[in-house]
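*Asks:* Below is one structure. I have some questions about it.
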Amino acid sequence: MKNVATVNVDRGPIPWTERIYLGPIVRGLGVTLRHFLRNVFGKRDVATIEWPEVKRQYSERLRGRHILTTKDDGSLRCVACYMCETACPANCITIVAEEDPEAPVEWEKRPLLYEIDLLRCVFCGFCVDACPKEAIIMSRQHEMAFSERSEAVVGIEELRQKGPIEDEDLGYRPYF
Amino acid sequence: MRQPDGSSSFLTTRVDAMLGWVRKNSLWPLPFGTACCAIEFMSVVSSHYDLSRFGAEVVRFSPRQADLMIVAGTITDKMAPVVKRIYEQMAEPRYVISMGACACTGGFYRAYHVVQGVDEFIPVDVYVPGCPPTPEALMHGILKLQDMIQNGETQHDRLKHGKPDTTATAG
Amino acid sequence: MTVSSTESPTQRPPLADPFPEGSVAAVEQAADGHTVLTVDRSHLLDVLRRLREKPELACDLLADVCGVDYPDREQRFDVVYHLGSLEHGHRFRVKVPLGEDDPVVPSAVGIWKAADWFEREAFDMFGIRFQGHPDLRRILTHEAFHGHPLRKDYDPSQRWLLTEKDTMAPRWATEDQPDDEHMDTVVLNLGPSHPATHGTLRTVVRLDGEHIVKAECEIGYLHRCFEKMSETHGWQQVIPYTDRLNYCSSMINGVGFALTVEKMLGIEAPPRAQVVRVILSELSRIMDHAVCLGANLVDLGALTNFWYFFQIREEIYGLLEKCAGGRLTVSYARIGGLAHDVPADFEDEVRKLLDSIPKFLDDVETLVTTNRIFRDRTEGVGVISGEEALAWGWTGPCLRASGIPYDVRKAHPYMGYENYDFEVPVATTGDTYARYLVRMEEMRQSLRIVRQALDNLPDGPVITDDHHVALPPKEKVYTEMESLIWHFKLIFEGIPVPAGEAYGFTEGANGELGYYVVSDGGGKPHRIKVRPPCFAIYQAFPKILEGLMIPDAIAILGSLNIIAGELDR
Ligand code: SF4
Ligand code: SF4
Ligand code: SF4
């Protein structure tokens, strides 16, 4: 074998200082006592987050529930190009396209149906990466729970962005 | 809130309300952790999130002493009989939270050895999406279950009052 | 620099014809540095034995045995053996083509013990029969399963249901023991749902009093069909699946896979991506060891450490979430680099971690390392010698605890590991305590690497600009037609990985994590075989147990760090 730099971590037989058991125990108790005292009287760097009163601040890359973004006039940006559906490893996006009657150019499409099964979704963000229109992004909303499986299949109305984009709790989206 | 047929026909008696209140604040979870979600479940019970603040600190690994089963992780066909058996051993009333995409629907494992959702063989009260769900999401699910217990909307209550079990056919 | 040699990662072995005339049908030097031998099955055992025993070859590590299905070929299956020599550093791949109607090869169990479970897996997945194997049964799928799922003609979603009455127990567990020396022996089932088995592991033991006389492991309770799923998804889409192999250190898995495919494509990730990968991989390694040791100590009754370790882990999670957007399943690596650049405050955040992690490690050391109760419970428990461990295919911290300093980062450096100054911790006793010590020291060494990497973090892009491989930057996709077309092609057609194969291996948290990737030139992999380090380690577990007691079994199991996601895939 090639000569590699190694460090031996063997500790050999238990020395008598450890054998009598007292030293290590006192030191061990010291450690826990230090943590205890510091938390009670000192800095109070308690690790526990008092959820739900206090929320942990997640970064703006957190992959939460999806948002379908809209243009200024309130229509969806999505052009039903199926790229997100293709890129999704979980196959949880269902799109049905229709001709967009309001489009300035011919054969523009828009989604008639756009559904995501949130219970299938693995929140990998591949749909966001795949979208060429920034039509699908993710929010930081991750506290979800459903009592029926059908409740979790969300469509355009649930996913559509509500109000101006700055007001959404924005999570993972394309970074420039 | 979410009565399957929209009715509010059954009377919630005082005793029921009392029992609901007691039950909701003393859930004894049995984590049935198999995979990655189980690791996130550990976060929920450890220092940063500390589930005990919701009266559910006594994590039991014995089904006989638990009334809330948290299925955390992928359930495979090989594991399915074990899950079912453990569920049957739990004391009534028993509740099930299915945590994570895999337990809820199979997630992105549409595969030859993976159960496509534990509701194939046990009734599920709350589905928590995510892969894995964040600790907050799971705690949110537990709070939701507490509400459901209080309002008598769990699968246990539905069965007791003869309401059809709607989840088994959904999805 | 402590490593003197900087030769190419895999040396060429001397092939001064150590094999008798006519036994090897073809020799080929593959692009991934392996020497590929094609052998007819009648000569297989002879060739394998020579590979192991000839001093100039000395292939002491059987890394993997797997099958590959080529439905269009006349001889439909290949059985592939991956061999390595720790002494010489060279690697061999031995292939045996087999026809569909007679898929039988002689078993290599007599040469390497490690072949045992790997051959069972190949049988389960492809129906290849290994003649002379002591116990050729299904291993990952269940009893009621029909067919061999990794054959190309098996429908990926075809399930078979198992009912409770067909659940299995080893044959010896139900037999009466005709041994009248003993009053009675008891069969005990640990798992698959048992608090001390860390996930879905099942061990059946026969107890004589307090002592284990026989043990057997049953695995596959978390067999999520990673390999089949990867064949139905595009190259890039496999990354989220790799995250869920060893979910305690998901970054390392993704990086290992990306490196292997990059090797096949002949590209390299930009320098900045490499260094960020190193930093996050090493932090993931710390996290993995922290979970392993924390859980191990809980099983031994030391709960406080668990909280300290979890604080380390929670802080690293915070960092990963800031970079990748996910805490556990990061999906951050991409073929060709990383999904996106690290956030602006990355350096400060990592430096904070570099300050805080050693404090927790010191606390744990004070509580545990010199504690006599802990030492008494772990010293001399679960001893395995170096040769024995290697014969079972062990790698990683568990092997190093038995005195063999094999570390892929040193032996076959990748991602610039040769430029970092770090040491490989080894212990000689090979017991549970040694494994604890090795892991503790490894965390400190990983911190050293992170510190050096952070000091030399280059600027620049984090993903290759080869648009056959990586999506073009978003602002170009929105504005330029050409980029949009590249984007479109990549999403719908996938990465054109040239037809061929490669075995890429990295140092996972548990040892050598190998990916054997076969491409047919399409947008989806033809076959991906993962060489999970735990798989080899866990198959030796029943042998270690014999003669020990149940509490020891729990202590040993924790120290082996078996991650079910990686074990069963
Ligand atoms: S986040 Fe991933 S799994 Fe979910 S919809 Fe998007 S691509 Fe599909
Ligand atoms: S990729 Fe974007 S534009 Fe295309 S269908 Fe999906 S959301 Fe719509
Ligand atoms: S839902 Fe995701 S994180 Fe949870 S077990 Fe399944 S793959 Fe793992």
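By order of appearance in the structure tokens: chains A, B, ..., then residues from 1 within every chain, and ligands from 1 in the order shown.
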Counting only C-alpha atoms and all ligand atoms, which residues of chain A sit at most 12 Å from some atom of ligand 1, and what is each one's closest atom pair with its distance in Å to one decimal, listed by chain and rising residue number, as CSV?
*Replies:*
residue,atom,partner,partner_atom_place_in_ligand_line,distance
A:Leu62,CA,ligand 1,1 (S),11.1
A:Arg63,CA,ligand 1,1 (S),7.5
A:Gly64,CA,ligand 1,1 (S),8.2
A:Arg65,CA,ligand 1,1 (S),8.3
A:His66,CA,ligand 1,1 (S),7.7
A:Ile67,CA,ligand 1,6 (Fe),10.7
A:Leu68,CA,ligand 1,5 (S),11.7
A:Tyr82,CA,ligand 1,7 (S),11.5
A:Met83,CA,ligand 1,7 (S),9.8
A:Cys84,CA,ligand 1,7 (S),6.4
A:Glu85,CA,ligand 1,8 (Fe),7.2
A:Thr86,CA,ligand 1,7 (S),8.4
A:Ala87,CA,ligand 1,7 (S),6.0
A:Cys88,CA,ligand 1,7 (S),3.5
A:Pro89,CA,ligand 1,3 (S),5.7
A:Ala90,CA,ligand 1,3 (S),4.8
A:Asn91,CA,ligand 1,8 (Fe),6.2
A:Cys92,CA,ligand 1,8 (Fe),5.6
A:Ile93,CA,ligand 1,5 (S),5.8
A:Thr94,CA,ligand 1,5 (S),9.5
A:Ile95,CA,ligand 1,5 (S),11.6
A:Tyr114,CA,ligand 1,5 (S),11.0
A:Glu115,CA,ligand 1,5 (S),9.3
A:Ile116,CA,ligand 1,5 (S),6.3
A:Asp117,CA,ligand 1,5 (S),7.6
A:Leu118,CA,ligand 1,4 (Fe),7.2
A:Leu119,CA,ligand 1,4 (Fe),9.1
A:Arg120,CA,ligand 1,3 (S),6.9
A:Cys121,CA,ligand 1,4 (Fe),3.8
A:Val122,CA,ligand 1,3 (S),4.3
A:Phe123,CA,ligand 1,1 (S),3.6
A:Cys124,CA,ligand 1,2 (Fe),4.0
A:Gly125,CA,ligand 1,1 (S),4.0
A:Phe126,CA,ligand 1,7 (S),4.1
A:Cys127,CA,ligand 1,7 (S),4.0
A:Val128,CA,ligand 1,6 (Fe),6.5
A:Asp129,CA,ligand 1,7 (S),8.4
A:Ala130,CA,ligand 1,7 (S),8.3
A:Cys131,CA,ligand 1,7 (S),10.1
A:Ile136,CA,ligand 1,6 (Fe),8.8
A:Ile137,CA,ligand 1,6 (Fe),9.1
A:Met138,CA,ligand 1,1 (S),8.2
A:Ser139,CA,ligand 1,1 (S),11.0
A:Val153,CA,ligand 1,5 (S),11.2
A:Val154,CA,ligand 1,5 (S),11.2
A:Leu159,CA,ligand 1,5 (S),11.8
A:Gly171,CA,ligand 1,1 (S),11.9
A:Tyr172,CA,ligand 1,1 (S),9.8
A:Arg173,CA,ligand 1,1 (S),11.1
*Asks:* Taking only C-alpha atoms and all ligand atoms and a cut-off of 6 Å, can you tell me which residues surround ligand 3, written as a list in words?
*Replies:* Ala35, Cys36, Cys37, Gly73, Thr74, Gly100, Ala101, Cys102, Cys131 and Pro132 of chain B; Arg244 of chain C
*Asks:* Can you build me a table of chain A residues sitting at most 6 Å from chain B, with the closest atom pair per residue and its distance in Å to one decimal, using only C-alpha atoms, sorted by chain and residue number, as a Markdown table?
*Replies:*
| residue | atom | partner | partner_atom | distance |
| --- | --- | --- | --- | --- |
| A:Ala47 | CA | B:His48 | CA | 5.1 |
| A:Thr48 | CA | B:His48 | CA | 4.0 |
| A:Ile49 | CA | B:His48 | CA | 5.7 |
| A:Ala90 | CA | B:Phe108 | CA | 4.2 |
| A:Leu119 | CA | B:Pro129 | CA | 5.0 |
| A:Arg120 | CA | B:Gly107 | CA | 4.4 |
| A:Val122 | CA | B:Cys131 | CA | 4.9 |
| A:Glu143 | CA | B:Ala137 | CA | 4.1 |
| A:Met144 | CA | B:Ala137 | CA | 5.8 |
| A:Ala145 | CA | B:Val128 | CA | 4.6 |
| A:Phe146 | CA | B:Tyr127 | CA | 5.0 |
| A:Ser147 | CA | B:Val126 | CA | 4.6 |
| A:Glu148 | CA | B:Thr167 | CA | 6.0 |
| A:Arg149 | CA | B:Gly171 | CA | 5.4 |
| A:Ser150 | CA | B:Gly171 | CA | 5.5 |
*Asks:* For CA of Thr6 in chain A and CA of Asp431 in chain C, quote the distance in Å rounded to one decimal.
*Replies:* 18.6 Å
*Asks:* Wanna dump the chain C-chain B contacts at 6 Å for me, each residue with its shortest atom pair and the distance in Å to one decimal, counting only C-alpha atoms, ordered by chain and number, as a Markdown table?
*Replies:*
| residue | atom | partner | partner_atom | distance |
| --- | --- | --- | --- | --- |
| C:His142 | CA | B:Lys78 | CA | 5.5 |
| C:Pro156 | CA | B:Ala111 | CA | 5.5 |
| C:Ser157 | CA | B:Ala111 | CA | 4.6 |
| C:Gln158 | CA | B:Tyr112 | CA | 5.0 |
| C:Arg159 | CA | B:Tyr112 | CA | 4.5 |
| C:Thr163 | CA | B:Pro81 | CA | 6.0 |
| C:Glu164 | CA | B:Pro81 | CA | 5.2 |
| C:Gly199 | CA | B:Thr34 | CA | 4.8 |
| C:Thr200 | CA | B:Thr34 | CA | 5.5 |
| C:Tyr221 | CA | B:Met79 | CA | 5.5 |
| C:Tyr247 | CA | B:Cys36 | CA | 5.6 |
*Asks:* I'd like to know which residues of chain A are alpha helix (DSSP H) (by DSSP, run on the backbone); could you write them as a ChimeraX atom specification?
*Replies:* /A:16-19,22-40,83-87,126-130,156-159
*Asks:* Of the candidates C:Leu484, C:Ala63, C:Ile312, C:Leu567, which one gets nearest to ligand 2 if we count only C-alpha atoms and all ligand atoms?
*Replies:*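 Between C:Leu484, C:Ala63, C:Ile312, C:Leu567, the residue approaching ligand 2 most closely is C:Leu484.
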*Asks:* Taking a cut-off of 6 Å and counting only C-alpha atoms, can you build a table that, for each residue of chain A near chain C, reports the nearest atom pair and how far apart they are in Å (one decimal), sorted by chain then residue number, as CSV?
*Replies:*
residue,atom,partner,partner_atom,distance
A:Met1,CA,C:Glu87,CA,3.7
A:Ala5,CA,C:Glu423,CA,5.1
A:Thr6,CA,C:Val424,CA,4.4
A:Val7,CA,C:Pro425,CA,4.7
A:Asn8,CA,C:Val426,CA,5.0
A:Val9,CA,C:Ala427,CA,5.3
A:Asp10,CA,C:Ala427,CA,5.1
A:Pro24,CA,C:Asn371,CA,5.7
A:Gly28,CA,C:Leu367,CA,4.5
A:Ser59,CA,C:Lys322,CA,5.3
A:Arg61,CA,C:Gly325,CA,4.4
A:Leu62,CA,C:Gly325,CA,4.0
A:Arg63,CA,C:Gly325,CA,5.4
A:Pro89,CA,C:Gln237,CA,5.9
*Asks:* Could the residues in this selection be written to a file with C-alpha atoms, as a CSV table (one decimal), in the first residue's frame?
*Replies:*
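Okay, result09.csv is ready:
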chain,number,residue,atom,x,y,z
A,1,MET,CA,0.0,0.0,0.0
A,5,ALA,CA,0.0,9.6,6.7
A,6,THR,CA,-1.9,7.9,9.5
A,7,VAL,CA,-2.5,8.7,13.1
A,8,ASN,CA,-2.9,6.0,15.6
A,9,VAL,CA,-5.8,6.5,17.9
A,10,ASP,CA,-5.3,3.4,20.1
A,24,PRO,CA,-13.6,11.1,34.4
A,28,GLY,CA,-18.2,14.6,32.9
A,59,SER,CA,-33.1,30.7,3.9
A,61,ARG,CA,-33.6,28.7,-0.9
A,62,LEU,CA,-35.9,26.5,1.1
A,63,ARG,CA,-37.9,24.2,-1.1
A,89,PRO,CA,-38.6,12.7,-11.0
*Asks:* One decimal, Å: what's the distance from CA of Lys489 in chain C over to atom 8 (Fe, counted along the ligand's line) of ligand 2, could you say?
*Replies:*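 Distance reported for this atom pair: 16.3 Å.
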*Asks:* For the structure I just gave you, how does DSSP split range 37-145 of chain A - specifically, which residues are strand (DSSP E or B)? Reply as an MDAnalysis selection string.
*Replies:* chainID A and resid 66:68 70 76 93:99 109:117 136:139
*Asks:* Output N, CA and C atoms for every residue in the selection just made, as a compact mmCIF listing (two decimals), in the first residue's frame.
*Replies:*
# COMPACT_ATOMS: atom_id res chain seq x y z
N HIS A 66 -45.17 25.04 -4.05
CA HIS A 66 -44.93 25.77 -5.30
C HIS A 66 -45.84 26.97 -5.44
N ILE A 67 -45.40 27.92 -6.26
CA ILE A 67 -46.23 29.07 -6.63
C ILE A 67 -46.18 29.14 -8.15
N LEU A 68 -47.33 29.34 -8.78
CA LEU A 68 -47.35 29.63 -10.21
C LEU A 68 -47.40 31.15 -10.34
N THR A 70 -47.58 34.95 -11.95
CA THR A 70 -48.48 35.56 -12.94
C THR A 70 -47.80 36.77 -13.57
N LEU A 76 -51.52 33.63 -15.94
CA LEU A 76 -50.36 32.82 -15.59
C LEU A 76 -49.24 33.02 -16.61
N ILE A 93 -46.61 16.19 -11.54
CA ILE A 93 -47.24 17.34 -12.17
C ILE A 93 -48.10 16.84 -13.33
N THR A 94 -49.32 17.33 -13.40
CA THR A 94 -50.19 16.99 -14.52
C THR A 94 -50.58 18.29 -15.21
N ILE A 95 -50.32 18.38 -16.50
CA ILE A 95 -50.66 19.58 -17.23
C ILE A 95 -51.56 19.20 -18.41
N VAL A 96 -52.60 19.95 -18.59
CA VAL A 96 -53.37 19.84 -19.83
C VAL A 96 -53.33 21.21 -20.47
N ALA A 97 -52.89 21.27 -21.72
CA ALA A 97 -52.70 22.57 -22.37
C ALA A 97 -53.93 22.94 -23.17
N GLU A 98 -54.12 24.23 -23.36
CA GLU A 98 -55.15 24.69 -24.30
C GLU A 98 -54.58 25.89 -25.04
N GLU A 99 -55.21 26.21 -26.14
CA GLU A 99 -54.81 27.39 -26.91
C GLU A 99 -55.13 28.64 -26.10
N LYS A 109 -49.70 28.67 -25.98
CA LYS A 109 -50.52 27.78 -25.16
C LYS A 109 -50.59 28.30 -23.74
N ARG A 110 -51.56 27.81 -23.04
CA ARG A 110 -51.63 28.08 -21.61
C ARG A 110 -52.22 26.84 -20.96
N PRO A 111 -52.01 26.67 -19.67
CA PRO A 111 -52.49 25.45 -19.04
C PRO A 111 -53.99 25.54 -18.76
N LEU A 112 -54.68 24.52 -19.18
CA LEU A 112 -56.09 24.42 -18.80
C LEU A 112 -56.15 23.80 -17.41
N LEU A 113 -55.27 22.84 -17.21
CA LEU A 113 -55.21 22.16 -15.92
C LEU A 113 -53.73 22.11 -15.52
N TYR A 114 -53.44 22.46 -14.31
CA TYR A 114 -52.08 22.33 -13.83
C TYR A 114 -52.20 21.83 -12.40
N GLU A 115 -51.85 20.58 -12.19
CA GLU A 115 -52.03 20.02 -10.85
C GLU A 115 -50.71 19.47 -10.34
N ILE A 116 -50.48 19.68 -9.07
CA ILE A 116 -49.33 19.05 -8.43
C ILE A 116 -49.85 18.20 -7.28
N ASP A 117 -49.42 16.98 -7.23
CA ASP A 117 -49.78 16.13 -6.10
C ASP A 117 -48.71 16.34 -5.02
N ILE A 136 -42.89 28.80 -12.58
CA ILE A 136 -43.10 28.05 -11.33
C ILE A 136 -41.92 28.31 -10.42
N ILE A 137 -42.21 28.73 -9.22
CA ILE A 137 -41.17 28.94 -8.22
C ILE A 137 -41.66 28.30 -6.93
N MET A 138 -40.81 28.32 -5.92
CA MET A 138 -41.23 27.69 -4.68
C MET A 138 -41.29 28.71 -3.56
N SER A 139 -42.18 28.43 -2.62
CA SER A 139 -42.30 29.32 -1.47
C SER A 139 -41.62 28.67 -0.28
*Asks:* So which one's closest to ligand 2, A:Asp100, A:Glu157, A:Glu168, A:Glu134? Using only C-alpha atoms and all ligand atoms, please.
*Replies:* A:Glu134
*Asks:* Let me make sure I understand: among B:Glu120, B:Ala72, B:Leu30, B:His156, which one has the smallest atom-to-atom distance to Met90 in chain B if we use only C-alpha atoms?
*Replies:*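 Closest candidate: B:Leu30.
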*Asks:* Name all residues at most 6 Å from range 78-83 of chain C (count only C-alpha atoms; drop same-chain ones fewer than 2 positions away) and give them as a PDB file with C-alpha atoms, in the first residue's frame.
*Replies:*
ATOM      1  CA  CYS C  59      -6.493  -8.352  -5.209  1.00  0.00           C
ATOM      2  CA  LEU C  61     -10.659  -6.565  -1.837  1.00  0.00           C
ATOM      3  CA  LEU C  62     -13.709  -7.884  -3.626  1.00  0.00           C
ATOM      4  CA  ALA C  63     -15.587  -4.644  -3.897  1.00  0.00           C
ATOM      5  CA  ASP C  64     -18.670  -5.816  -5.704  1.00  0.00           C
ATOM      6  CA  VAL C  65     -20.345  -8.568  -7.665  1.00  0.00           C
ATOM      7  CA  CYS C  66     -23.241  -7.588  -9.838  1.00  0.00           C
ATOM      8  CA  GLY C  67     -25.192  -8.519 -12.904  1.00  0.00           C
ATOM      9  CA  VAL C  68     -25.947  -6.479 -15.974  1.00  0.00           C
ATOM     10  CA  ARG C  91      -8.293  -2.309  -9.972  1.00  0.00           C
ATOM     11  CA  PHE C  92      -9.727  -5.142 -11.999  1.00  0.00           C
ATOM     12  CA  ARG C  93     -13.098  -5.775 -13.477  1.00  0.00           C
ATOM     13  CA  VAL C  94     -13.790  -9.362 -14.399  1.00  0.00           C
ATOM     14  CA  LYS C  95     -16.736 -10.018 -16.661  1.00  0.00           C
ATOM     15  CA  VAL C  96     -18.402 -13.315 -17.356  1.00  0.00           C
ATOM     16  CA  PRO C  97     -20.977 -13.337 -20.164  1.00  0.00           C
TER      17      PRO C  97
END
*Asks:* Kindly indicate which residue among A:Val26, A:Val31, A:Cys78, A:Val4 lies nearest to ligand 2, using only C-alpha atoms and all ligand atoms for the distances.
*Replies:*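 Under the stated criterion, the closest residue is A:Cys78.
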*Asks:* Just want the 10 Å neighbourhood of Ala540 in chain C, counted on only C-alpha atoms, with same-chain residues fewer than 2 positions away dropped. Output as a PyMOL selection string.
*Replies:* chain C and resi 113-114+116-117+216-217+384+388-389+391-394+535-538+542-545
*Asks:* Taking 4 positions as the minimum chain separation for residues in the same chain, which residues sit within 12 Å of Val342 in chain C when counting only C-alpha atoms? Answer as a ChimeraX atom specification.
*Replies:* /A:59,61,175 /C:272-273,275-277,279-280,319-325,332-333,337-338,346-350,457,459-463
*Asks:* Write a file of the selected residues as a compact mmCIF listing (two decimals), in the first residue's frame, keeping N, CA, C and O atoms.
*Replies:*
# COMPACT_ATOMS: atom_id res chain seq x y z
N SER A 59 -33.68 29.85 4.96
CA SER A 59 -33.12 30.70 3.92
C SER A 59 -34.09 30.82 2.77
O SER A 59 -35.09 30.12 2.70
N ARG A 61 -33.75 29.77 0.02
CA ARG A 61 -33.64 28.66 -0.91
C ARG A 61 -34.47 27.48 -0.45
O ARG A 61 -34.43 26.43 -1.08
N TYR A 175 -31.77 31.45 -9.44
CA TYR A 175 -30.84 32.50 -9.04
C TYR A 175 -30.02 32.90 -10.24
O TYR A 175 -29.62 32.07 -11.03
N ARG C 272 -14.12 25.77 -8.35
CA ARG C 272 -14.90 26.23 -7.21
C ARG C 272 -15.90 25.15 -6.77
O ARG C 272 -16.08 24.89 -5.58
N ALA C 273 -16.51 24.52 -7.75
CA ALA C 273 -17.48 23.47 -7.42
C ALA C 273 -16.78 22.33 -6.69
O ALA C 273 -17.30 21.78 -5.72
N VAL C 275 -14.18 22.44 -4.76
CA VAL C 275 -13.83 22.77 -3.38
C VAL C 275 -15.09 22.82 -2.52
O VAL C 275 -15.11 22.33 -1.39
N VAL C 276 -16.17 23.38 -3.06
CA VAL C 276 -17.41 23.41 -2.28
C VAL C 276 -17.88 21.98 -2.02
O VAL C 276 -18.32 21.64 -0.92
N ARG C 277 -17.73 21.14 -3.03
CA ARG C 277 -18.10 19.74 -2.82
C ARG C 277 -17.29 19.12 -1.70
O ARG C 277 -17.83 18.37 -0.88
N ILE C 279 -15.91 20.65 0.84
CA ILE C 279 -16.32 21.20 2.14
C ILE C 279 -17.61 20.55 2.60
O ILE C 279 -17.72 20.06 3.74
N LEU C 280 -18.59 20.51 1.72
CA LEU C 280 -19.88 19.97 2.15
C LEU C 280 -19.82 18.46 2.38
O LEU C 280 -20.49 17.94 3.25
N LEU C 319 -26.60 24.98 7.61
CA LEU C 319 -25.73 25.41 6.51
C LEU C 319 -26.17 24.78 5.19
O LEU C 319 -26.26 25.46 4.17
N LEU C 320 -26.44 23.49 5.23
CA LEU C 320 -26.84 22.81 4.00
C LEU C 320 -28.12 23.42 3.45
O LEU C 320 -28.28 23.59 2.25
N GLU C 321 -29.02 23.75 4.35
CA GLU C 321 -30.29 24.31 3.91
C GLU C 321 -30.04 25.67 3.25
O GLU C 321 -30.68 26.00 2.25
N LYS C 322 -29.09 26.43 3.80
CA LYS C 322 -28.80 27.73 3.19
C LYS C 322 -28.21 27.56 1.79
O LYS C 322 -28.41 28.40 0.92
N CYS C 323 -27.44 26.50 1.60
CA CYS C 323 -26.81 26.31 0.29
C CYS C 323 -27.79 25.68 -0.70
O CYS C 323 -27.87 26.08 -1.85
N ALA C 324 -28.48 24.65 -0.23
CA ALA C 324 -29.18 23.81 -1.19
C ALA C 324 -30.69 23.93 -1.10
O ALA C 324 -31.38 23.58 -2.04
N GLY C 325 -31.20 24.38 0.02
CA GLY C 325 -32.64 24.51 0.13
C GLY C 325 -33.31 23.30 0.76
O GLY C 325 -34.52 23.27 0.88
N TYR C 332 -28.01 18.76 -4.18
CA TYR C 332 -27.22 19.95 -4.48
C TYR C 332 -26.20 19.69 -5.57
O TYR C 332 -25.91 20.56 -6.38
N ALA C 333 -25.66 18.48 -5.60
CA ALA C 333 -24.69 18.19 -6.66
C ALA C 333 -25.44 18.04 -7.98
O ALA C 333 -26.60 17.66 -8.01
N GLY C 337 -21.13 19.84 -11.84
CA GLY C 337 -20.88 20.88 -10.84
C GLY C 337 -21.89 20.87 -9.73
O GLY C 337 -22.17 19.84 -9.13
N LEU C 338 -22.44 22.03 -9.45
CA LEU C 338 -23.42 22.17 -8.38
C LEU C 338 -24.65 22.87 -8.94
O LEU C 338 -24.58 23.55 -9.97
N PHE C 346 -21.45 32.24 2.97
CA PHE C 346 -21.01 30.85 3.14
C PHE C 346 -19.75 30.74 3.99
O PHE C 346 -19.69 29.97 4.95
N GLU C 347 -18.75 31.55 3.65
CA GLU C 347 -17.48 31.42 4.36
C GLU C 347 -17.63 31.68 5.86
O GLU C 347 -17.12 30.93 6.68
N ASP C 348 -18.37 32.75 6.18
CA ASP C 348 -18.56 33.05 7.61
C ASP C 348 -19.27 31.92 8.31
O ASP C 348 -18.93 31.54 9.43
N GLU C 349 -20.29 31.40 7.63
CA GLU C 349 -21.07 30.34 8.25
C GLU C 349 -20.21 29.11 8.52
O GLU C 349 -20.28 28.52 9.60
N VAL C 350 -19.38 28.76 7.55
CA VAL C 350 -18.55 27.58 7.75
C VAL C 350 -17.54 27.85 8.86
O VAL C 350 -17.25 26.99 9.69
N LEU C 457 -10.65 28.64 -1.25
CA LEU C 457 -11.87 28.58 -2.06
C LEU C 457 -11.74 29.50 -3.26
O LEU C 457 -11.70 30.71 -3.11
N ASP C 459 -12.66 31.51 -6.82
CA ASP C 459 -13.84 32.11 -7.40
C ASP C 459 -14.13 31.44 -8.73
O ASP C 459 -13.33 30.67 -9.23
N GLY C 460 -15.24 31.81 -9.30
CA GLY C 460 -15.54 31.28 -10.63
C GLY C 460 -16.87 30.59 -10.65
O GLY C 460 -17.61 30.58 -9.67
N PRO C 461 -17.18 29.98 -11.79
CA PRO C 461 -18.47 29.32 -11.93
C PRO C 461 -18.51 28.04 -11.10
O PRO C 461 -17.47 27.51 -10.70
N VAL C 462 -19.71 27.54 -10.84
CA VAL C 462 -19.83 26.28 -10.10
C VAL C 462 -20.38 25.16 -10.96
O VAL C 462 -20.56 24.06 -10.48
N ILE C 463 -20.65 25.45 -12.21
CA ILE C 463 -21.10 24.36 -13.06
C ILE C 463 -20.48 24.55 -14.44
O ILE C 463 -20.24 25.68 -14.87
